[in-house]
$ cat protein.txt   # compact mmCIF, C-alpha atoms
# COMPACT_ATOMS: atom_id res chain seq x y z
CA MET A 202 -28.85 -119.76 -17.75
CA PRO A 203 -26.39 -118.03 -20.16
CA LEU A 204 -25.19 -119.97 -23.19
CA PHE A 205 -21.53 -119.45 -22.34
CA THR A 206 -21.33 -120.68 -18.76
CA HIS A 207 -17.88 -120.41 -17.15
CA ARG A 208 -16.60 -122.83 -14.51
CA ASP A 209 -15.81 -119.88 -12.19
CA ASP A 210 -19.50 -118.96 -12.18
CA VAL A 211 -20.57 -122.54 -11.55
CA PHE A 212 -18.23 -123.84 -8.86
CA VAL A 213 -17.71 -121.08 -6.30
CA ALA A 214 -15.57 -121.95 -3.28
CA GLY A 215 -15.58 -119.10 -0.79
CA GLY A 216 -18.15 -116.96 -2.59
CA GLN A 217 -21.91 -116.78 -3.15
CA PRO A 218 -22.86 -119.61 -5.52
CA THR A 219 -25.94 -119.17 -7.69
CA ILE A 220 -25.98 -122.02 -10.21
CA THR A 221 -24.84 -124.61 -7.65
CA TYR A 222 -26.71 -123.15 -4.67
CA VAL A 223 -28.47 -126.07 -2.96
CA ASP A 224 -31.49 -124.95 -0.92
CA ARG A 225 -31.88 -128.29 0.92
CA GLU A 226 -35.62 -127.81 0.82
CA GLU A 227 -36.25 -130.93 2.90
CA THR A 228 -34.59 -129.28 5.93
CA HIS A 229 -36.84 -126.17 5.73
CA ILE A 230 -33.79 -124.19 6.89
CA GLU A 231 -34.45 -121.18 4.64
CA ARG A 232 -38.01 -120.94 5.93
CA GLN A 233 -36.87 -121.25 9.55
CA LEU A 234 -34.30 -118.48 9.18
CA ALA A 235 -36.70 -116.22 7.27
CA ARG A 236 -39.32 -116.67 10.01
CA ALA A 237 -36.78 -115.93 12.76
CA ILE A 238 -35.54 -112.78 11.04
CA ALA A 239 -39.11 -111.59 10.45
CA THR A 240 -40.10 -112.13 14.11
CA PRO A 241 -40.06 -108.77 15.97
CA ASN A 242 -37.83 -108.06 18.97
CA GLN A 243 -35.62 -111.13 18.62
CA ILE A 244 -31.88 -111.69 18.33
CA VAL A 245 -31.39 -114.44 15.77
CA SER A 246 -28.51 -116.89 16.12
CA LEU A 247 -27.56 -118.95 13.07
CA SER A 248 -24.99 -121.60 13.94
CA GLY A 249 -23.26 -124.37 12.07
CA ALA A 250 -19.88 -125.90 11.40
CA THR A 251 -17.18 -123.78 9.75
CA LYS A 252 -17.62 -123.27 5.99
CA THR A 253 -20.94 -125.10 5.81
CA GLY A 254 -22.86 -122.22 4.25
CA LYS A 255 -23.99 -119.92 7.09
CA THR A 256 -22.90 -116.78 5.24
CA VAL A 257 -24.33 -117.97 1.92
CA LEU A 258 -27.67 -118.87 3.54
CA CYS A 259 -27.92 -115.66 5.55
CA ARG A 260 -27.22 -113.42 2.55
CA LYS A 261 -29.72 -115.41 0.47
CA VAL A 262 -32.49 -115.03 3.06
CA LEU A 263 -31.74 -111.36 3.76
CA GLY A 264 -32.09 -110.72 0.03
CA LYS A 265 -32.62 -107.01 -0.67
CA ARG A 266 -33.06 -106.11 2.98
CA GLN A 267 -30.62 -103.46 4.22
CA PHE A 268 -27.99 -104.79 6.61
CA VAL A 269 -24.60 -104.00 8.09
CA TRP A 270 -22.26 -107.00 7.93
CA ILE A 271 -19.47 -107.06 10.53
CA ASP A 272 -16.71 -109.69 10.62
CA GLY A 273 -16.18 -110.68 14.25
CA GLY A 274 -12.65 -111.86 13.50
CA GLN A 275 -11.61 -108.27 12.76
CA ILE A 276 -13.01 -106.73 15.96
CA ALA A 277 -10.87 -106.25 19.08
CA SER A 278 -13.24 -104.20 21.25
CA ALA A 279 -16.79 -102.91 21.55
CA ASP A 280 -15.64 -99.42 20.51
CA GLY A 281 -14.02 -100.96 17.45
CA PHE A 282 -17.26 -102.76 16.65
CA TRP A 283 -19.39 -99.61 16.74
CA SER A 284 -16.76 -97.73 14.75
CA GLU A 285 -17.09 -100.42 12.05
CA VAL A 286 -20.88 -100.09 12.13
CA ARG A 287 -20.65 -96.31 11.69
CA GLY A 288 -18.18 -96.85 8.88
CA GLU A 289 -20.60 -99.17 7.09
CA LEU A 290 -23.33 -96.55 7.55
CA SER A 291 -20.95 -93.81 6.30
CA ILE A 292 -21.36 -91.91 9.56
CA PRO A 293 -18.18 -89.91 10.38
CA ASP A 294 -16.89 -89.92 13.94
CA GLU A 295 -17.09 -86.13 13.95
CA THR A 296 -18.87 -83.56 11.78
CA GLU A 297 -17.53 -80.00 11.36
CA PHE A 298 -19.88 -77.19 10.38
CA THR A 299 -19.92 -73.40 10.41
CA ARG A 300 -22.62 -71.40 12.16
CA GLU A 301 -22.98 -67.79 11.12
CA THR A 302 -24.41 -65.11 13.37
CA GLY A 303 -25.07 -61.40 13.08
CA ASP A 304 -23.21 -58.80 15.11
CA THR A 305 -23.16 -60.89 18.25
CA ILE A 306 -19.75 -62.29 19.10
CA THR A 307 -19.62 -65.45 21.15
CA GLY A 308 -16.48 -66.75 22.76
CA GLY A 309 -14.46 -69.77 21.80
CA ALA A 310 -11.12 -70.63 20.24
CA ASP A 311 -12.69 -71.42 16.85
CA LEU A 312 -14.42 -68.04 16.45
CA VAL A 313 -13.52 -66.31 13.16
CA ILE A 314 -14.39 -62.61 12.77
CA THR A 315 -14.67 -61.09 9.29
CA MET A 316 -14.34 -57.28 9.17
CA LYS A 317 -15.53 -54.87 6.44
CA GLY A 318 -14.02 -51.41 6.69
CA SER A 319 -14.17 -50.23 10.27
CA HIS A 320 -17.19 -52.14 11.52
CA LEU A 321 -18.08 -55.73 12.34
CA SER A 322 -19.84 -57.39 9.43
CA LYS A 323 -20.30 -61.04 10.30
CA THR A 324 -19.15 -63.71 12.70
CA SER A 325 -18.60 -67.34 11.72
CA LEU A 326 -18.36 -69.95 14.42
CA LYS A 327 -16.77 -73.26 13.44
CA GLU A 328 -18.09 -76.11 15.54
CA LYS A 329 -17.38 -79.83 15.70
CA ARG A 330 -20.15 -82.14 16.76
CA SER A 331 -19.37 -85.71 17.76
CA THR A 332 -21.40 -88.39 16.02
CA LYS A 333 -19.99 -91.14 18.19
CA SER A 334 -23.16 -91.35 20.23
CA LEU A 335 -24.20 -94.99 20.45
CA ALA A 336 -27.82 -93.91 20.91
CA ASP A 337 -27.69 -91.96 17.63
CA THR A 338 -26.21 -94.95 15.77
CA LEU A 339 -28.83 -97.31 17.13
CA SER A 340 -31.56 -94.80 16.32
CA ILE A 341 -30.47 -94.71 12.67
CA LEU A 342 -30.41 -98.50 12.47
CA ILE A 343 -33.91 -98.77 13.93
CA LYS A 344 -35.39 -95.88 11.93
CA GLU A 345 -33.99 -97.11 8.60
CA LYS A 346 -34.75 -100.78 9.42
CA ILE A 347 -31.13 -101.79 8.93
CA ALA A 348 -30.19 -105.16 10.43
CA ILE A 349 -26.83 -105.88 12.08
CA VAL A 350 -25.19 -109.16 11.14
CA ILE A 351 -22.15 -110.26 13.16
CA ASP A 352 -20.31 -113.02 11.34
CA ASP A 353 -18.11 -115.30 13.47
CA PHE A 354 -19.61 -113.89 16.69
CA HIS A 355 -17.62 -116.51 18.61
CA TYR A 356 -14.35 -114.78 17.61
CA LEU A 357 -15.15 -111.79 19.81
CA ASN A 358 -13.54 -111.95 23.22
CA GLU A 359 -15.83 -112.38 26.21
CA GLU A 360 -15.67 -108.75 27.35
CA THR A 361 -16.47 -107.45 23.85
CA ARG A 362 -19.38 -109.87 23.46
CA ARG A 363 -20.82 -108.83 26.81
CA SER A 364 -20.53 -105.12 26.02
CA ILE A 365 -22.08 -105.40 22.55
CA VAL A 366 -24.97 -107.55 23.74
CA ARG A 367 -25.74 -105.12 26.56
CA ASN A 368 -25.60 -102.22 24.08
CA ILE A 369 -28.13 -103.78 21.72
CA LYS A 370 -30.47 -105.33 24.29
CA GLY A 371 -32.71 -102.29 24.60
CA ALA A 372 -32.52 -101.52 20.88
CA VAL A 373 -33.78 -105.02 20.04
CA PHE A 374 -36.80 -104.31 22.23
CA ASN A 375 -37.34 -101.15 20.13
CA GLY A 376 -37.13 -102.95 16.80
CA LEU A 377 -33.44 -103.44 15.95
CA LYS A 378 -32.83 -106.70 14.08
CA VAL A 379 -29.63 -108.56 14.98
CA VAL A 380 -28.33 -111.78 13.44
CA LEU A 381 -25.36 -113.62 14.96
CA LEU A 382 -23.42 -116.27 13.03
CA SER A 383 -21.31 -118.73 15.01
CA VAL A 384 -20.02 -122.29 15.09
CA THR A 385 -22.46 -124.82 16.53
CA HIS A 386 -20.77 -125.47 19.85
CA ARG A 387 -20.68 -121.71 20.60
CA VAL A 388 -24.32 -121.05 19.79
CA PHE A 389 -25.27 -119.73 23.23
CA ASP A 390 -22.40 -117.24 23.66
CA ALA A 391 -24.89 -114.35 23.48
CA ILE A 392 -27.07 -115.77 26.25
CA GLU A 393 -24.01 -116.42 28.40
CA ALA A 394 -22.94 -112.82 27.85
CA GLU A 395 -26.34 -111.47 28.96
CA THR A 396 -28.78 -113.80 30.70
CA GLU A 397 -31.61 -111.27 30.38
CA LEU A 398 -31.79 -112.10 26.66
CA THR A 399 -33.74 -115.24 27.51
CA GLY A 400 -37.03 -114.94 25.62
CA ARG A 401 -35.55 -112.56 23.04
CA PHE A 402 -33.20 -115.10 21.49
CA THR A 403 -34.02 -117.45 18.60
CA SER A 404 -31.54 -120.16 17.70
CA ILE A 405 -31.38 -121.72 14.24
CA ILE A 406 -28.89 -124.57 13.80
CA LEU A 407 -27.75 -125.31 10.27
CA PRO A 408 -28.32 -129.02 9.63
CA GLU A 409 -25.35 -131.15 8.62
CA TRP A 410 -24.99 -131.69 4.90
CA SER A 411 -26.11 -135.12 3.77
CA LEU A 412 -24.22 -137.05 1.13
CA ASP A 413 -27.16 -136.66 -1.26
CA ASP A 414 -27.21 -132.88 -0.82
CA LEU A 415 -23.46 -132.60 -1.34
CA LYS A 416 -23.68 -134.67 -4.52
CA LYS A 417 -26.17 -132.17 -5.95
CA ILE A 418 -23.33 -129.63 -6.29
CA PRO A 419 -21.35 -131.65 -8.89
CA GLU A 420 -24.51 -133.00 -10.48
CA ILE A 421 -25.99 -129.53 -11.05
CA GLY A 422 -22.67 -127.91 -11.86
CA PHE A 423 -21.38 -130.45 -14.37
CA HIS A 424 -24.77 -130.47 -16.08
CA ALA A 425 -24.61 -126.66 -16.38
CA LEU A 426 -21.22 -126.99 -18.09
CA ASN A 427 -22.48 -129.84 -20.33
CA VAL A 428 -19.99 -132.18 -18.69
CA GLU A 429 -20.48 -135.86 -17.90
CA CYS A 430 -18.80 -137.07 -14.71
CA PRO A 431 -18.61 -140.74 -13.66
CA THR A 432 -20.95 -141.59 -10.79
CA GLU A 433 -18.10 -143.23 -8.85
CA ILE A 434 -16.11 -139.98 -8.86
CA ILE A 435 -19.10 -137.99 -7.60
CA GLU A 436 -19.66 -140.55 -4.83
CA ASN A 437 -15.99 -140.30 -3.84
CA LEU A 438 -16.14 -136.51 -3.76
CA GLY A 439 -19.14 -136.67 -1.44
CA ARG A 440 -17.47 -139.09 0.96
CA GLU A 441 -14.29 -137.01 1.22
CA SER A 442 -15.80 -133.54 1.44
CA GLN A 443 -15.99 -133.50 5.27
CA GLU A 444 -19.77 -132.83 5.08
CA ASN A 445 -18.73 -129.46 3.65
CA PRO A 446 -20.09 -127.67 0.54
CA PHE A 447 -17.08 -125.36 0.48
CA LEU A 448 -14.72 -128.28 -0.10
CA MET A 449 -17.08 -129.85 -2.62
CA GLN A 450 -17.11 -126.64 -4.67
CA LYS A 451 -13.29 -126.64 -4.54
CA PHE A 452 -13.04 -130.28 -5.66
CA CYS A 453 -15.27 -129.69 -8.68
CA TRP A 454 -13.42 -126.55 -9.77
CA GLU A 455 -10.09 -128.39 -9.53
CA ILE A 456 -11.38 -131.30 -11.63
CA CYS A 457 -12.59 -128.88 -14.31
CA PHE A 458 -9.24 -127.12 -14.37
CA ASP A 459 -7.29 -130.38 -14.53
CA CYS A 460 -9.45 -131.58 -17.43
CA GLY A 461 -9.22 -128.31 -19.34
CA ILE A 462 -12.90 -127.48 -18.89
CA GLU A 463 -13.35 -123.71 -18.79
CA GLU A 464 -16.67 -122.99 -20.46
CA LYS A 465 -19.77 -124.86 -21.48
CA ASN A 466 -19.33 -126.55 -24.85
CA LEU A 467 -22.54 -126.14 -26.86
CA ILE A 468 -21.51 -128.53 -29.60
CA ARG A 469 -20.47 -131.62 -27.70
CA LYS A 470 -20.62 -133.00 -24.17
CA GLN A 471 -17.27 -133.14 -22.40
CA ARG A 472 -16.44 -135.99 -20.03
CA ILE A 473 -14.35 -136.45 -16.91
CA PRO A 474 -12.24 -139.57 -17.61
CA ASP A 475 -12.89 -142.67 -15.48
CA ASP A 476 -9.19 -142.86 -14.61
CA TYR A 477 -8.98 -139.28 -13.34
CA ASN A 478 -6.57 -139.40 -10.38
CA ILE A 479 -8.88 -138.14 -7.67
CA GLU A 480 -6.60 -139.13 -4.78
CA GLU A 481 -3.74 -137.08 -6.21
CA MET A 482 -6.13 -134.11 -6.30
CA PHE A 483 -7.11 -134.72 -2.65
CA VAL A 484 -3.49 -134.82 -1.53
CA ARG A 485 -2.69 -131.60 -3.41
CA ILE A 486 -5.66 -129.68 -2.01
CA ALA A 487 -4.97 -130.95 1.51
CA LYS A 488 -1.38 -129.78 1.38
CA ASP A 489 -2.17 -126.39 -0.15
CA ALA A 490 -5.01 -125.56 2.23
CA GLY A 491 -4.26 -127.33 5.51
CA LEU A 492 -0.46 -127.27 5.84
CA PRO A 493 -0.12 -123.67 7.14
CA ILE A 494 -2.69 -124.33 9.87
CA TYR A 495 -1.11 -127.65 10.83
CA LYS A 496 2.44 -126.24 11.02
CA ILE A 497 1.37 -123.48 13.40
CA LEU A 498 -0.54 -125.85 15.66
CA VAL A 499 2.01 -128.68 15.71
CA ALA A 500 4.76 -126.21 16.72
CA GLY A 501 2.86 -125.49 19.94
CA PRO A 502 3.40 -122.36 22.04
CA GLN A 503 6.78 -120.69 22.26
CA SER A 504 8.98 -122.25 24.91
CA ARG A 505 12.48 -121.56 26.19
CA LYS A 506 12.98 -125.20 27.04
CA GLN A 507 13.22 -128.02 24.57
CA ARG A 508 10.16 -130.23 24.87
CA ALA A 509 10.49 -133.90 25.76
CA LYS A 510 10.08 -136.30 22.85
CA ARG A 511 7.99 -139.45 23.14
CA PRO A 512 8.67 -142.58 21.06
CA LEU A 513 6.00 -143.53 18.50
CA ALA A 514 4.94 -147.14 18.04
CA ASP A 515 5.61 -146.99 14.29
CA GLY A 516 9.03 -145.37 14.69
CA GLY A 517 10.28 -141.84 15.27
CA ASN A 518 9.26 -139.59 18.13
CA ALA A 519 7.12 -136.54 18.80
CA ASP A 520 6.59 -133.92 21.48
CA ILE A 521 3.23 -133.54 23.22
CA TYR A 522 1.82 -131.18 20.55
CA GLU A 523 2.79 -133.26 17.54
CA ALA A 524 1.63 -136.41 19.33
CA THR A 525 -1.73 -134.79 20.07
CA MET A 526 -2.19 -133.75 16.43
CA LEU A 527 -1.25 -137.25 15.26
CA ALA A 528 -3.76 -138.74 17.68
CA LEU A 529 -6.50 -136.41 16.46
CA ALA A 530 -5.74 -137.52 12.89
CA GLY A 531 -5.91 -141.14 14.02
CA THR A 532 -9.59 -140.76 14.99
CA GLY A 533 -10.54 -140.30 11.33
CA PRO A 534 -10.37 -137.44 12.04
CA LYS A 535 -13.77 -136.79 13.56
CA SER A 536 -15.08 -133.25 13.87
CA THR A 537 -15.81 -133.81 17.58
CA ILE A 538 -13.56 -136.06 19.66
CA SER A 539 -14.00 -136.85 23.33
CA TYR A 540 -11.06 -136.61 25.69
CA GLU A 541 -11.23 -140.36 26.30
CA GLU A 542 -11.09 -141.08 22.55
CA LEU A 543 -8.02 -138.89 22.21
CA ARG A 544 -6.31 -140.45 25.22
CA SER A 545 -7.04 -143.95 23.87
CA GLU A 546 -5.56 -143.00 20.49
CA LEU A 547 -2.46 -141.60 22.19
CA GLY A 548 -2.11 -144.85 24.14
CA SER A 549 -2.09 -146.96 20.98
CA MET A 550 0.15 -144.55 19.09
CA LEU A 551 2.91 -144.07 21.70
CA SER A 552 5.23 -146.92 22.59
CA ASP A 553 6.34 -145.31 25.87
CA LYS A 554 6.06 -142.23 28.08
CA MET A 555 2.27 -141.85 27.97
CA PRO A 556 1.51 -138.23 28.98
CA GLN A 557 -0.36 -137.51 32.18
CA LYS A 558 -3.93 -136.23 32.05
CA HIS A 559 -2.93 -132.71 33.02
CA GLU A 560 -0.31 -132.67 30.23
CA ILE A 561 -2.92 -133.61 27.63
CA THR A 562 -5.48 -131.03 28.79
CA SER A 563 -2.76 -128.38 28.98
CA ALA A 564 -1.74 -129.15 25.39
CA LEU A 565 -5.37 -128.96 24.24
CA LYS A 566 -5.87 -125.59 25.95
CA HIS A 567 -2.72 -124.25 24.31
CA LEU A 568 -3.78 -125.53 20.88
CA ALA A 569 -7.15 -123.81 21.24
CA GLN A 570 -5.44 -120.59 22.35
CA ILE A 571 -2.99 -120.69 19.43
CA SER A 572 -5.89 -121.30 17.08
CA ARG A 573 -7.61 -118.13 18.28
CA ASN A 574 -4.52 -115.93 18.51
CA LYS A 575 -3.28 -116.85 15.04
CA GLU A 576 -6.67 -116.08 13.47
CA LEU A 577 -6.98 -119.62 12.18
CA GLU A 578 -10.77 -119.48 12.31
CA SER A 579 -10.65 -121.29 15.66
CA ALA A 580 -9.49 -124.41 13.84
CA ILE A 581 -9.42 -126.34 17.12
CA ASP A 582 -11.52 -125.66 20.19
CA TRP A 583 -11.29 -127.38 23.57
CA ASP A 584 -14.43 -127.50 25.70
CA ASP A 585 -13.23 -128.12 29.23
CA THR A 586 -16.77 -128.58 30.54
CA LYS A 587 -17.80 -131.23 28.01
CA ARG A 588 -14.25 -132.63 27.86
CA GLU A 589 -14.22 -132.72 24.09
CA ILE A 590 -12.20 -131.36 21.19
CA ASN A 591 -13.85 -129.73 18.19
CA ILE A 592 -11.90 -129.59 14.92
CA THR A 593 -14.01 -126.89 13.36
CA ASP A 594 -12.01 -126.20 10.22
CA PRO A 595 -12.83 -128.73 7.46
CA TYR A 596 -9.55 -127.95 5.71
CA LEU A 597 -7.61 -128.96 8.83
CA ARG A 598 -9.61 -132.19 9.06
CA PHE A 599 -8.98 -132.79 5.36
CA TYR A 600 -5.25 -132.21 5.88
CA LEU A 601 -5.15 -134.60 8.83
CA ARG A 602 -6.95 -137.16 6.66
CA TRP A 603 -4.84 -136.90 3.50
CA GLN A 604 -1.45 -135.68 4.73
CA VAL A 605 -1.11 -137.03 8.26
CA ARG A 606 -3.24 -140.14 8.72
CA GLU A 607 -2.30 -141.61 5.33
CA ARG A 608 1.44 -141.21 5.70
$ encode --input "protein.txt" --output "structure tokens"
Amino acid sequence: MPLFTHRDDVFVAGGQPTITYVDREETHIERQLARAIATPNQIVSLSGATKTGKTVLCRKVLGKRQFVWIDGGQIASADGFWSEVRGELSIPDETEFTRETGDTITGGADLVITMKGSHLSKTSLKEKRSTKSLADTLSILIKEKIAIVIDDFHYLNEETRRSIVRNIKGAVFNGLKVVLLSVTHRVFDAIEAETELTGRFTSIILPEWSLDDLKKIPEIGFHALNVECPTEIIENLGRESQENPFLMQKFCWEICFDCGIEEKNLIRKQRIPDDYNIEEMFVRIAKDAGLPIYKILVAGPQSRKQRAKRPLADGGNADIYEATMLALAGTGPKSTISYEELRSELGSMLSDKMPQKHEITSALKHLAQISRNKELESAIDWDDTKREINITDPYLRFYLRWQVRER
């Protein structure tokens, strides 16, 4: 470890941590993923809640192996996907070259004839060859042992998923390595897109982060900076981090900034004061990170008609979308909430005009659709089959906890 350790290198929210990387050895998750990736002729699915370390883990396990990393949130079609793959491989869509011949002239609009004196000297034929062949791209990936990693596979629309999976099915049989990253409740999207993948599909589910594992981030990080932090503050950080290492990294960085801790002090140990206002920090982070998502969702879909307002038991009123968001917050909020839990919360929150079942499910479907269309990392997902709501974005849950439920 370098003598002059900087807080930005210790607490890394949204990047690849090194000093505060927690391997969670007791879960054997690194070993499981490494085994799955090493297994021939398998598509590997790594799933877990949003911002719980799928990307960090996958990059760590892949190590120096060659791979093409594609962000599913940026892909609108299968053609767009393969164009991105070719771009990562530096394969142009078309290659132009010149073929020279002797005295033989062949036809074509791109034929250039160079004359010397009164006789034909040389012919140059300019040709363009398409490199868009999917077979050629797959052949390069297999030959060079380059893996394809599709991050946020669940963001791809159903048609694009189906097309991509069918494209790679044969290549996987011939040695192509494919890793799909997705949220837990969408882990089997690949199988649903192509049922013939059964037997060629390995699923690894990222275990939830325990409180003890989350606490290792501040413990390791503050030690690296020669900082002493009260145990009570670390416990509080763990409880409020939504089982999420991303948020924990953010908390610790904010505390260091607030306390003027930038680099490791070699002469004396610095200390986080016992009276550090941790709740004020929670409220600030919640507002900064979760408010944009909440405002988009609570506004609901565009409508020409003014929506009916329902009276709230504690005063004021709210339309169906705001009432639904308030009810979700009232559950804790939990990351997964059953329809019955939500309906019960709405019943206790509203003083009158309880919405009908079809109104609630319609609102949930619209919220899920808005979440996808606005590229909000699928902050809310409604599973009509299981009749449950998944709040996948920890920042949204944190906002509901510290800006909505506490008001």
$ residues_around --input "protein.txt" --residues "region 268-273 of chain A" --least-positions-apart "5" --cutoff "6 Å" --atoms "only C-alpha atoms" --output "VMD selection string"
chain A and resid 347 to 354 356 to 357
$ residues_around --input "protein.txt" --residues "Lys378 (chain A)" --least-positions-apart "4" --cutoff "10 Å" --atoms "only C-alpha atoms" --output "VMD selection string"
chain A and resid 238 to 245 268 342 to 343 346 to 350 369 372 to 374
$ atom_distance --input "protein.txt" --atom1 "CA of Ala214 (chain A)" --atom2 "CA of Glu455 (chain A)"
10.5 Å
$ atom_distance --input "protein.txt" --atom1 "CA of Asp337 (chain A)" --atom2 "CA of Leu263 (chain A)"
24.2 Å
$ residues_around --input "protein.txt" --residues "Lys416 (chain A)" --least-positions-apart "4" --cutoff "7 Å" --atoms "all atoms listed in the file" --output "ChimeraX atom specification"
/A:412,420,435,439
$ residues_around --input "protein.txt" --residues "Leu498 (chain A)" --least-positions-apart "6" --cutoff "8 Å" --atoms "only C-alpha atoms" --output "ChimeraX atom specification"
/A:522,568,571-572
$ atom_distance --input "protein.txt" --atom1 "CA of Leu543 (chain A)" --atom2 "CA of Met526 (chain A)"
9.7 Å
$ closest_residue --input "protein.txt" --among "A:Val379, A:Ile494, A:Ala564, A:Ile456" --to "Ile479 (chain A)" --atoms "all atoms listed in the file"
A:Ile456
$ residues_around --input "protein.txt" --residues "Cys460 (chain A)" --least-positions-apart "5" --cutoff "12 Å" --atoms "all atoms listed in the file" --output "number ranges by chain"
A: 208, 428-430, 453-455, 471-479, 482
$ closest_residue --input "protein.txt" --among "A:Lys261, A:Thr219, A:Trp410, A:Thr432" --to "Met449 (chain A)" --atoms "only C-alpha atoms"
A:Trp410
$ decode --input "protein.txt" --residues "region 322-383 of chain A" --atoms "C-alpha atoms" --output "mmCIF file, in the first residue's frame"
data_model
loop_
_atom_site.group_PDB
_atom_site.id
_atom_site.type_symbol
_atom_site.label_atom_id
_atom_site.label_comp_id
_atom_site.auth_asym_id
_atom_site.auth_seq_id
_atom_site.Cartn_x
_atom_site.Cartn_y
_atom_site.Cartn_z
ATOM 1 C CA SER A 322 -0.071 0.160 -68.628
ATOM 2 C CA LYS A 323 -2.022 -0.969 -65.596
ATOM 3 C CA THR A 324 -5.537 -1.330 -64.269
ATOM 4 C CA SER A 325 -6.504 -0.688 -60.655
ATOM 5 C CA LEU A 326 -9.801 -1.987 -59.381
ATOM 6 C CA LYS A 327 -11.129 -0.409 -56.192
ATOM 7 C CA GLU A 328 -13.322 -2.811 -54.259
ATOM 8 C CA LYS A 329 -15.295 -2.575 -51.038
ATOM 9 C CA ARG A 330 -15.774 -5.695 -48.996
ATOM 10 C CA SER A 331 -18.378 -5.791 -46.249
ATOM 11 C CA THR A 332 -17.153 -6.968 -42.862
ATOM 12 C CA LYS A 333 -20.648 -6.999 -41.405
ATOM 13 C CA SER A 334 -20.841 -10.767 -41.611
ATOM 14 C CA LEU A 335 -22.020 -12.087 -38.255
ATOM 15 C CA ALA A 336 -20.245 -15.375 -38.957
ATOM 16 C CA ASP A 337 -16.938 -13.534 -39.444
ATOM 17 C CA THR A 338 -17.391 -11.602 -36.184
ATOM 18 C CA LEU A 339 -18.200 -14.750 -34.238
ATOM 19 C CA SER A 340 -15.264 -16.538 -35.852
ATOM 20 C CA ILE A 341 -12.874 -13.833 -34.618
ATOM 21 C CA LEU A 342 -14.295 -14.004 -31.106
ATOM 22 C CA ILE A 343 -13.915 -17.783 -30.991
ATOM 23 C CA LYS A 344 -10.473 -17.885 -32.629
ATOM 24 C CA GLU A 345 -9.014 -15.169 -30.375
ATOM 25 C CA LYS A 346 -10.799 -16.536 -27.268
ATOM 26 C CA ILE A 347 -12.522 -13.216 -26.614
ATOM 27 C CA ALA A 348 -15.514 -13.399 -24.278
ATOM 28 C CA ILE A 349 -18.673 -11.310 -24.709
ATOM 29 C CA VAL A 350 -20.034 -9.704 -21.556
ATOM 30 C CA ILE A 351 -23.487 -8.101 -21.753
ATOM 31 C CA ASP A 352 -24.047 -5.856 -18.755
ATOM 32 C CA ASP A 353 -27.680 -5.145 -17.819
ATOM 33 C CA PHE A 354 -28.926 -7.870 -20.178
ATOM 34 C CA HIS A 355 -32.435 -7.267 -18.817
ATOM 35 C CA TYR A 356 -32.471 -3.784 -20.410
ATOM 36 C CA LEU A 357 -32.598 -5.284 -23.900
ATOM 37 C CA ASN A 358 -36.089 -5.516 -25.314
ATOM 38 C CA GLU A 359 -37.543 -8.980 -25.810
ATOM 39 C CA GLU A 360 -37.035 -9.077 -29.581
ATOM 40 C CA THR A 361 -33.378 -7.998 -29.276
ATOM 41 C CA ARG A 362 -32.702 -10.557 -26.547
ATOM 42 C CA ARG A 363 -34.235 -13.328 -28.633
ATOM 43 C CA SER A 364 -32.239 -12.387 -31.731
ATOM 44 C CA ILE A 365 -28.904 -12.111 -29.901
ATOM 45 C CA VAL A 366 -29.365 -15.393 -28.046
ATOM 46 C CA ARG A 367 -30.227 -17.208 -31.271
ATOM 47 C CA ASN A 368 -27.167 -15.652 -32.946
ATOM 48 C CA ILE A 369 -24.764 -16.872 -30.266
ATOM 49 C CA LYS A 370 -26.325 -20.272 -29.572
ATOM 50 C CA GLY A 371 -24.278 -22.128 -32.172
ATOM 51 C CA ALA A 372 -21.133 -20.121 -31.426
ATOM 52 C CA VAL A 373 -21.315 -21.112 -27.748
ATOM 53 C CA PHE A 374 -21.325 -24.743 -28.870
ATOM 54 C CA ASN A 375 -18.142 -23.947 -30.837
ATOM 55 C CA GLY A 376 -16.363 -22.320 -27.910
ATOM 56 C CA LEU A 377 -17.625 -18.730 -27.602
ATOM 57 C CA LYS A 378 -17.771 -17.582 -23.974
ATOM 58 C CA VAL A 379 -20.731 -15.366 -23.060
ATOM 59 C CA VAL A 380 -21.446 -13.771 -19.683
ATOM 60 C CA LEU A 381 -24.779 -12.052 -18.996
ATOM 61 C CA LEU A 382 -25.256 -9.655 -16.076
ATOM 62 C CA SER A 383 -28.790 -8.961 -14.891
#
